[in-house]
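S.K.: One structure is given below, represented as structure tokens, and several questions about it will come after.
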Number of protein chains: 4
Amino acid sequence: MILTAARAFQQRGYHNTSLDDLAGLLGVTKPTLYHYVRNKEEILFECFRTGLDQIRTGLREADASDAPARERLAIVVRQYAAAIASDFGWCMVRAEDQDLSIEMSSAIKALKSEIDQGLRRLIRAGSADGSIAAAQDPKLAAFALAGALNWMGHWYRPDAALTADQVADGFLELFGLGPTPKAHRARYNGASKRLSQ
Amino acid sequence: MILTAARAFQQRGYHNTSLDDLAGLLGVTKPTLYHYVRNKEEILFECFRTGLDQIRTGLREADASDAPARERLAIVVRQYAAAIASDFGWCMVRAEDQDLSIEMSSAIKALKSEIDQGLRRLIRAGSADGSIAAAQDPKLAAFALAGALNWMGHWYRPDAALTADQVADGFLELFGLGPTPKAHRARYNGASKRLSQ
Amino acid sequence: MILTAARAFQQRGYHNTSLDDLAGLLGVTKPTLYHYVRNKEEILFECFRTGLDQIRTGLREADASDAPARERLAIVVRQYAAAIASDFGWCMVRAEDQDLSIEMSSAIKALKSEIDQGLRRLIRAGSADGSIAAAQDPKLAAFALAGALNWMGHWYRPDAALTADQVADGFLELFGLGPTPKAHRARYNGASKRLSQ
Amino acid sequence: MILTAARAFQQRGYHNTSLDDLAGLLGVTKPTLYHYVRNKEEILFECFRTGLDQIRTGLREADASDAPARERLAIVVRQYAAAIASDFGWCMVRAEDQDLSIEMSSAIKALKSEIDQGLRRLIRAGSADGSIAAAQDPKLAAFALAGALNWMGHWYRPDAALTADQVADGFLELFGLGPTPKAHRARYNGASKRLSQ
DNA sequence: TATGAATGAGTATTCATTCAT
DNA sequence: GATGAATGAATACTCATTCAT
């Protein structure tokens with residue numbers, strides 16, 4: 001059901017998808033929906049959480065690993081890209097605070113923050129263990145990375161040339177969060193130094 | 001009026017802002033709104049266009065300049081960040097196709113594409129003239145850059161620590177779209193110094 | 001419900017009867033109406049069809065009979081008069097193309113045409129079998145007959161001196177669609193005498 | 001102006017023609033309309049009266065003539081048909097009581113009654129002077145005649161095969177209000193033959 | 001004479017939600 | 001567990017009409 005809902009929200013938008021539409025797509029009647037959820041917003045929340053769990057899985061995987069931070073970050077970013085590319089992508093990116101009750105809104109905010117903090121932590125760890133070209137401002141880097149990934153929701157089509165993994169790797173490269181091969185470390189050293197001031 | 005509307009949309013969301021709300025905020029009655037716009041969606045479109053024009057101004061400025069592509073890109077990105085940070089930021093980022101009629105939706109798509117193409121062009125030009133560390137995939141780079149900038153709409157607050165310009169410059173650095181260290185450092189030193197302040 | 005709607009339309013006019021009025025008359029709330037109809041125009045259409053079905057019943061009855069065309073025509077005309085005199089009369093006569101969507105408008109046009117063709121057919125048959133004083137132009141005769149009948153909707157009141165049947169017979173006489181003088185005068189004398197009283 | 005209004009009402013219907021539409025068609029602004037009329041309904045009333053005057057002219061002409069009633073009736077009926085076929089036809093037939101204020105509604109009713117009475121008077125006179133095949137019920141005959149004529153507003157197109165005059169004559173024939181058989185058959189034979197082709 | 005701006009009162013329609021069955 | 005029926009509250013949009021200029 002959440003899958004169907006997520007797809008509908010993605011195509012029509014949350015506000016343009018009525019519970020009638022949803023019930024129709026699911027082949028049940030409207031009141032039946034209320035046996036499974038309390039609210040329309042609960043559906044949105046479930047979509048959000050489902051998509052998010054994929055990223056959290058990545059985070060836990062990364063935390064469990066003792067690979068260098070660079071690789072651990074890559075794990076998360078790939079899961080992130082996959083989540084955004086999935087049917088739940090839309091809900092995660094566009095679920096707006098204003099459409100939700102205060103409780104749910106803050107629940108979502110907490111979950112979003114969890115990811116944000118996870119990304120920052122990994123970036124910092126990468127700077128520390130030298131596996132990532134030292135990021136001057138981990139917070140800004142995390143925002144940029146998340147932004148680029150979230151924006152996939154607007155342009156990425158699963159049937160396109162690139163897989164979600166390729167996009168993820170491309171972003172890591174672009175952000176200077178890719179591997180610090182010998183060749184590039186020196187080359188960009190100056191730039192990153194300047195930035196960190 | 002569009003400014004008031006843009007602010008309202010930003011705070012409450014498009015669907016949660018009724019024309020009654022809007023009229024109330026403007027201190028006029030609802031039918032008065034219809035003297036100036038045909039539709040609710042036209043208001044959204046105007047907001048979108050207003051914000052977008054700021055970026056297009058940047059694009060034209062960049063096109064008119066004969067500075068190296070790196071600097072021309074910086075001009076655009078700063079205008080972009082400023083636009084997103086403005087009251088029209090929300091509308092530009094979140095105006096959804098599904099909320100608009102087909103004509104308006106495609107008009108918006110065209111305008112968005114114009115910017116996307118502009119960014120790609122500058123990135124390619126920067127690779128060509130050597131002022132930018134060669135991007136492997138200009139298309140992906142443009143998406144990432146736009147994504148990071150658009151995402152500002154979700155986290156940036158004007159009263160925060162960073163100015164929109166600082167965010168813009170930070171992103172350029174992060175994306176490896178900043179100056180190529182050795183070759184251009186000397187040449188563009190002045191510019192980058194200004195930037196880093 | 002259609003009956004109530006038909007009465008309201010008759011008294012106040014279609015455009016002067018709001019769905020609020022209708023809901024009030026039915027003792028339900030407005031959204032309840034939308035459980036049973038899709039549109040306001042669908043209500044008008046249902047009224048139209050209900051009234052029309054009475055005439056079509058007459059047409060089928062006439063087609064099934066092997067009486068002379070004169071009598072078959074009388075069957076239809078009486079049903080027609082009864083329909084116009086009924087609560088649905090107004091809707092049938094005044095439902096305007098301009099108030100309806102293209103699909104419904106053409107659906108109504110088709111139904112109207114069905115009746116028109118039926119009348120012409122019977123008039124022609126009457127000319128052929130000699131039971132009707134030969135009409136010079138069956139098409140014009142059908143228009144005149146329908147016009148006279150439809151106009152009842154403007155002046156006929158059920159509580160008036162004449163029954164709908166009497167009006168129908170009077171019209172048939174007047175239009176020269178009554179019995180052919182010599183052949184039928186004797187036979188149908190009683191009926192026409194009754195009328196003239 | 002009334003001509004333009006009448007045409008607009010005919011095409012779109014009274015309720016579907018806004019004063020904005022009307023002003024647009026006339027190339028003036030809305031408030032300008034209010035320099036010439038007090039009300040929207042006054043426009044409708046003017047249309048009604050303009051069309052009606054054509055019929056009243058016929059009535060006066062008929063009253064002034066000392067021809068046999070049969071011929072005097074023909075004068076009126078032809079003017080009637082011409083009026084219905086004109087741009088003002090729609091307004092005359094369909095202007096509904098419910099759309100008008102009480103005063104105007106009763107003014108219109110009076111004018112309509114004037115015509116109705118005129119028709120009855122002529123029919124009675126024709127029965128009296130023997131120029132018309134005696135109608136059993138002049139009132140019903142007048143209603144039928146008026147109904148047939150009014151209904152022209154629904155099917156008559158000026159560019160069609162028949163002129164309004166031909167329709168008028170055809171109706172007179174059909175209604176037995178044509179020439180009394182013996183006296184006039186020879187004289188009007190030509191006309192009716194033409195019709196039957 | 002003409003109008004740009006404004007509006008009060010409505011109008012059809014939608015939707016999330018409930019409840020008796 | 002499932003549903004048909006019902007609804008309160010809104011929502012975008014319209015229109016005849018007015019009035020200061």
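Letters for chains follow the order of the structure tokens (A, B, ...), residue numbers begin at 1 for each chain, and ligand numbers begin at 1 in the order shown.
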Once chain A is fitted onto chain D by least squares over all its in-order Cα atoms, send the moved chain as a compact mmCIF listing (two decimals) with C-alpha atoms, in the first residue's frame.
M.R.:
```txt
# COMPACT_ATOMS: atom_id res chain seq x y z
CA MET A 1 -26.01 48.52 -26.82
CA ILE A 2 -29.11 46.36 -26.74
CA LEU A 3 -28.15 45.15 -30.18
CA THR A 4 -24.74 44.09 -28.98
CA ALA A 5 -26.28 42.47 -25.95
CA ALA A 6 -28.86 40.66 -28.03
CA ARG A 7 -26.16 39.27 -30.27
CA ALA A 8 -24.09 38.14 -27.32
CA PHE A 9 -27.08 36.47 -25.68
CA GLN A 10 -27.89 34.76 -28.94
CA GLN A 11 -24.41 33.37 -29.34
CA ARG A 12 -23.45 32.51 -25.79
CA GLY A 13 -26.75 32.38 -24.01
CA TYR A 14 -27.97 34.72 -21.33
CA HIS A 15 -26.33 32.94 -18.43
CA ASN A 16 -23.08 32.48 -20.23
CA THR A 17 -22.78 36.15 -21.03
CA SER A 18 -21.37 38.05 -18.10
CA LEU A 19 -21.56 41.79 -17.72
CA ASP A 20 -17.81 41.68 -18.09
CA ASP A 21 -18.23 40.13 -21.49
CA LEU A 22 -20.83 42.71 -22.39
CA ALA A 23 -18.71 45.60 -21.21
CA GLY A 24 -15.80 44.21 -23.15
CA LEU A 25 -17.83 43.92 -26.33
CA LEU A 26 -19.06 47.47 -25.91
CA GLY A 27 -15.63 48.82 -25.11
CA VAL A 28 -16.71 50.32 -21.82
CA THR A 29 -16.20 49.40 -18.23
CA LYS A 30 -18.64 47.45 -16.22
CA PRO A 31 -19.88 50.24 -13.96
CA THR A 32 -20.65 52.27 -17.05
CA LEU A 33 -23.28 49.75 -17.96
CA TYR A 34 -25.03 50.63 -14.77
CA HIS A 35 -25.48 54.16 -15.97
CA TYR A 36 -27.76 52.91 -18.67
CA VAL A 37 -29.52 50.00 -17.06
CA ARG A 38 -30.49 49.11 -13.57
CA ASN A 39 -29.97 45.39 -13.95
CA LYS A 40 -28.76 42.61 -16.10
CA GLU A 41 -32.31 41.49 -16.45
CA GLU A 42 -33.28 44.93 -17.66
CA ILE A 43 -30.97 44.37 -20.60
CA LEU A 44 -32.71 41.14 -21.34
CA PHE A 45 -36.03 42.85 -21.02
CA GLU A 46 -35.02 45.63 -23.40
CA CYS A 47 -33.92 43.05 -25.93
CA PHE A 48 -37.18 41.30 -25.52
CA ARG A 49 -39.20 44.44 -25.94
CA THR A 50 -37.25 45.64 -28.94
CA GLY A 51 -37.87 42.42 -30.78
CA LEU A 52 -41.44 42.36 -29.67
CA ASP A 53 -42.13 45.88 -30.87
CA GLN A 54 -41.49 44.73 -34.38
CA ILE A 55 -44.32 42.26 -34.03
CA ARG A 56 -46.55 44.81 -32.35
CA THR A 57 -45.93 47.17 -35.21
CA GLY A 58 -47.21 44.42 -37.45
CA LEU A 59 -50.24 43.98 -35.24
CA ARG A 60 -51.08 47.68 -35.33
CA GLU A 61 -50.56 47.79 -39.05
CA ALA A 62 -52.90 44.87 -39.39
CA ASP A 63 -55.50 46.48 -37.15
CA ALA A 64 -55.32 49.70 -39.15
CA SER A 65 -55.87 47.90 -42.41
CA ASP A 66 -59.29 46.93 -43.67
CA ALA A 67 -57.98 44.16 -45.87
CA PRO A 68 -59.43 40.71 -45.34
CA ALA A 69 -58.18 39.02 -42.17
CA ARG A 70 -56.13 36.59 -44.21
CA GLU A 71 -53.99 39.43 -45.51
CA ARG A 72 -53.86 41.15 -42.16
CA LEU A 73 -52.63 37.93 -40.59
CA ALA A 74 -49.96 37.63 -43.25
CA ILE A 75 -48.67 41.08 -42.34
CA VAL A 76 -48.25 40.05 -38.71
CA VAL A 77 -46.72 36.68 -39.46
CA ARG A 78 -44.14 38.22 -41.78
CA GLN A 79 -43.18 40.76 -39.16
CA TYR A 80 -43.06 37.97 -36.62
CA ALA A 81 -40.74 35.90 -38.77
CA ALA A 82 -38.55 38.93 -39.40
CA ALA A 83 -38.35 39.62 -35.68
CA ILE A 84 -37.38 36.06 -34.87
CA ALA A 85 -34.82 36.13 -37.65
CA SER A 86 -33.35 39.33 -36.25
CA ASP A 87 -30.70 39.61 -33.58
CA PHE A 88 -33.42 39.92 -31.00
CA GLY A 89 -34.99 36.63 -31.93
CA TRP A 90 -33.18 34.63 -29.31
CA CYS A 91 -34.18 36.88 -26.46
CA MET A 92 -37.82 36.81 -27.42
CA VAL A 93 -38.03 33.09 -27.65
CA ARG A 94 -35.80 31.99 -24.87
CA ALA A 95 -36.02 34.69 -22.23
CA GLU A 96 -37.19 32.53 -19.38
CA ASP A 97 -39.50 33.51 -16.61
CA GLN A 98 -37.12 31.99 -14.10
CA ASP A 99 -34.35 34.40 -14.97
CA LEU A 100 -36.45 37.44 -14.24
CA SER A 101 -37.87 39.15 -11.24
CA ILE A 102 -41.56 38.75 -10.68
CA GLU A 103 -42.41 42.19 -12.00
CA MET A 104 -40.42 41.79 -15.16
CA SER A 105 -41.59 38.27 -15.63
CA SER A 106 -45.21 39.34 -15.55
CA ALA A 107 -44.48 42.31 -17.78
CA ILE A 108 -43.07 39.94 -20.34
CA LYS A 109 -45.94 37.56 -19.91
CA ALA A 110 -48.33 40.41 -20.62
CA LEU A 111 -46.51 41.34 -23.80
CA LYS A 112 -46.41 37.75 -24.96
CA SER A 113 -50.08 37.43 -24.27
CA GLU A 114 -50.80 40.54 -26.30
CA ILE A 115 -49.34 38.87 -29.34
CA ASP A 116 -51.05 35.60 -28.69
CA GLN A 117 -54.39 37.33 -28.42
CA GLY A 118 -53.66 39.28 -31.57
CA LEU A 119 -53.03 36.12 -33.51
CA ARG A 120 -56.15 34.45 -32.22
CA ARG A 121 -58.23 37.52 -33.04
CA LEU A 122 -57.01 37.57 -36.61
CA ILE A 123 -57.57 33.88 -37.05
CA ARG A 124 -61.08 34.20 -35.74
CA ALA A 125 -61.71 37.20 -37.95
CA GLY A 126 -60.48 35.23 -40.93
CA SER A 127 -62.84 32.44 -40.14
CA ALA A 128 -65.63 34.95 -39.83
CA ASP A 129 -64.99 36.85 -43.03
CA GLY A 130 -64.26 33.63 -44.89
CA SER A 131 -60.79 34.71 -45.96
CA ILE A 132 -59.22 31.90 -43.97
CA ALA A 133 -60.09 28.25 -44.06
CA ALA A 134 -62.15 28.15 -40.89
CA ALA A 135 -59.90 27.22 -38.00
CA GLN A 136 -61.55 24.82 -35.68
CA ASP A 137 -59.64 25.90 -32.64
CA PRO A 138 -58.17 29.41 -32.99
CA LYS A 139 -56.29 29.07 -29.76
CA LEU A 140 -54.53 25.91 -30.83
CA ALA A 141 -53.90 27.38 -34.26
CA ALA A 142 -52.31 30.45 -32.70
CA PHE A 143 -50.10 28.29 -30.52
CA ALA A 144 -49.03 26.19 -33.46
CA LEU A 145 -48.28 29.21 -35.58
CA ALA A 146 -46.36 30.94 -32.82
CA GLY A 147 -44.49 27.72 -32.08
CA ALA A 148 -43.45 27.22 -35.67
CA LEU A 149 -42.34 30.84 -35.89
CA ASN A 150 -40.51 30.84 -32.56
CA TRP A 151 -38.74 27.65 -33.47
CA MET A 152 -37.15 29.52 -36.34
CA GLY A 153 -34.87 30.87 -33.65
CA HIS A 154 -33.34 27.42 -33.44
CA TRP A 155 -32.75 26.65 -37.07
CA TYR A 156 -33.08 29.75 -39.19
CA ARG A 157 -29.89 31.31 -40.47
CA PRO A 158 -30.23 34.65 -42.33
CA ASP A 159 -27.80 33.46 -44.97
CA ALA A 160 -29.82 30.38 -45.73
CA ALA A 161 -31.86 29.60 -48.81
CA LEU A 162 -35.12 31.07 -47.59
CA THR A 163 -35.85 34.63 -46.59
CA ALA A 164 -37.82 35.20 -43.43
CA ASP A 165 -40.77 36.28 -45.58
CA GLN A 166 -40.67 33.05 -47.50
CA VAL A 167 -40.67 31.07 -44.30
CA ALA A 168 -43.60 33.12 -43.06
CA ASP A 169 -45.58 32.46 -46.21
CA GLY A 170 -44.64 28.82 -46.15
CA PHE A 171 -45.96 28.50 -42.63
CA LEU A 172 -49.20 30.26 -43.49
CA GLU A 173 -49.67 27.85 -46.35
CA LEU A 174 -48.87 24.84 -44.23
CA PHE A 175 -51.21 25.85 -41.46
CA GLY A 176 -54.11 26.15 -43.76
CA LEU A 177 -54.06 29.82 -42.84
CA GLY A 178 -53.08 30.77 -46.33
CA PRO A 179 -55.50 32.08 -48.89
CA THR A 180 -58.60 30.00 -49.37
CA PRO A 181 -58.31 29.72 -53.09
CA LYS A 182 -61.30 28.13 -54.68
CA ALA A 183 -59.35 25.01 -55.46
CA HIS A 184 -58.41 24.24 -51.88
CA ARG A 185 -61.44 25.41 -50.08
CA ALA A 186 -63.54 22.56 -51.26
CA ARG A 187 -60.81 20.03 -50.91
CA TYR A 188 -60.08 20.69 -47.27
CA ASN A 189 -63.56 21.50 -46.30
CA GLY A 190 -64.29 18.07 -45.06
CA ALA A 191 -61.19 17.89 -42.92
CA SER A 192 -61.82 21.17 -41.24
CA LYS A 193 -65.39 20.25 -40.56
CA ARG A 194 -64.39 17.11 -38.83
CA LEU A 195 -61.86 18.95 -36.71
CA SER A 196 -64.26 21.58 -35.58
CA GLN A 197 -66.47 19.06 -33.91
```
S.K.: How would you write, as a ChimeraX atom specification, the set of residues in chain D that DSSP gives as helix (DSSP H, G or I)?
M.R.: /D:2-12,19-26,30-36,40-64,69-85,89-94,97-99,102-129,138-155,164-174,181-196
S.K.: Distance cut-off 10 Å, counting only C-alpha atoms (C1' of nucleotides) - which residues of chain E neighbour chain C? Return them as a VMD selection string.
M.R.: chain E and resid 10 to 15
S.K.: With a cut-off of 10 Å and counting only C-alpha atoms (C1' of nucleotides), select all residues of chain F in contact with chain C and give the selection as a ChimeraX atom specification.
M.R.: /F:4-8
S.K.: So the first atom is atom C1' of DG8 of chain E and the second is atom C1' of DT21 of chain F; what is the distance between them in Å, to one decimal place?
M.R.: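 Computing the Euclidean distance for atom C1' of DG8 of chain E and atom C1' of DT21 of chain F yields 22.6 Å.
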S.K.: One decimal, Å: what's the distance from atom C1' of DC13 of chain F over to atom C1' of DT17 of chain E, could you say?
M.R.: 25.7 Å
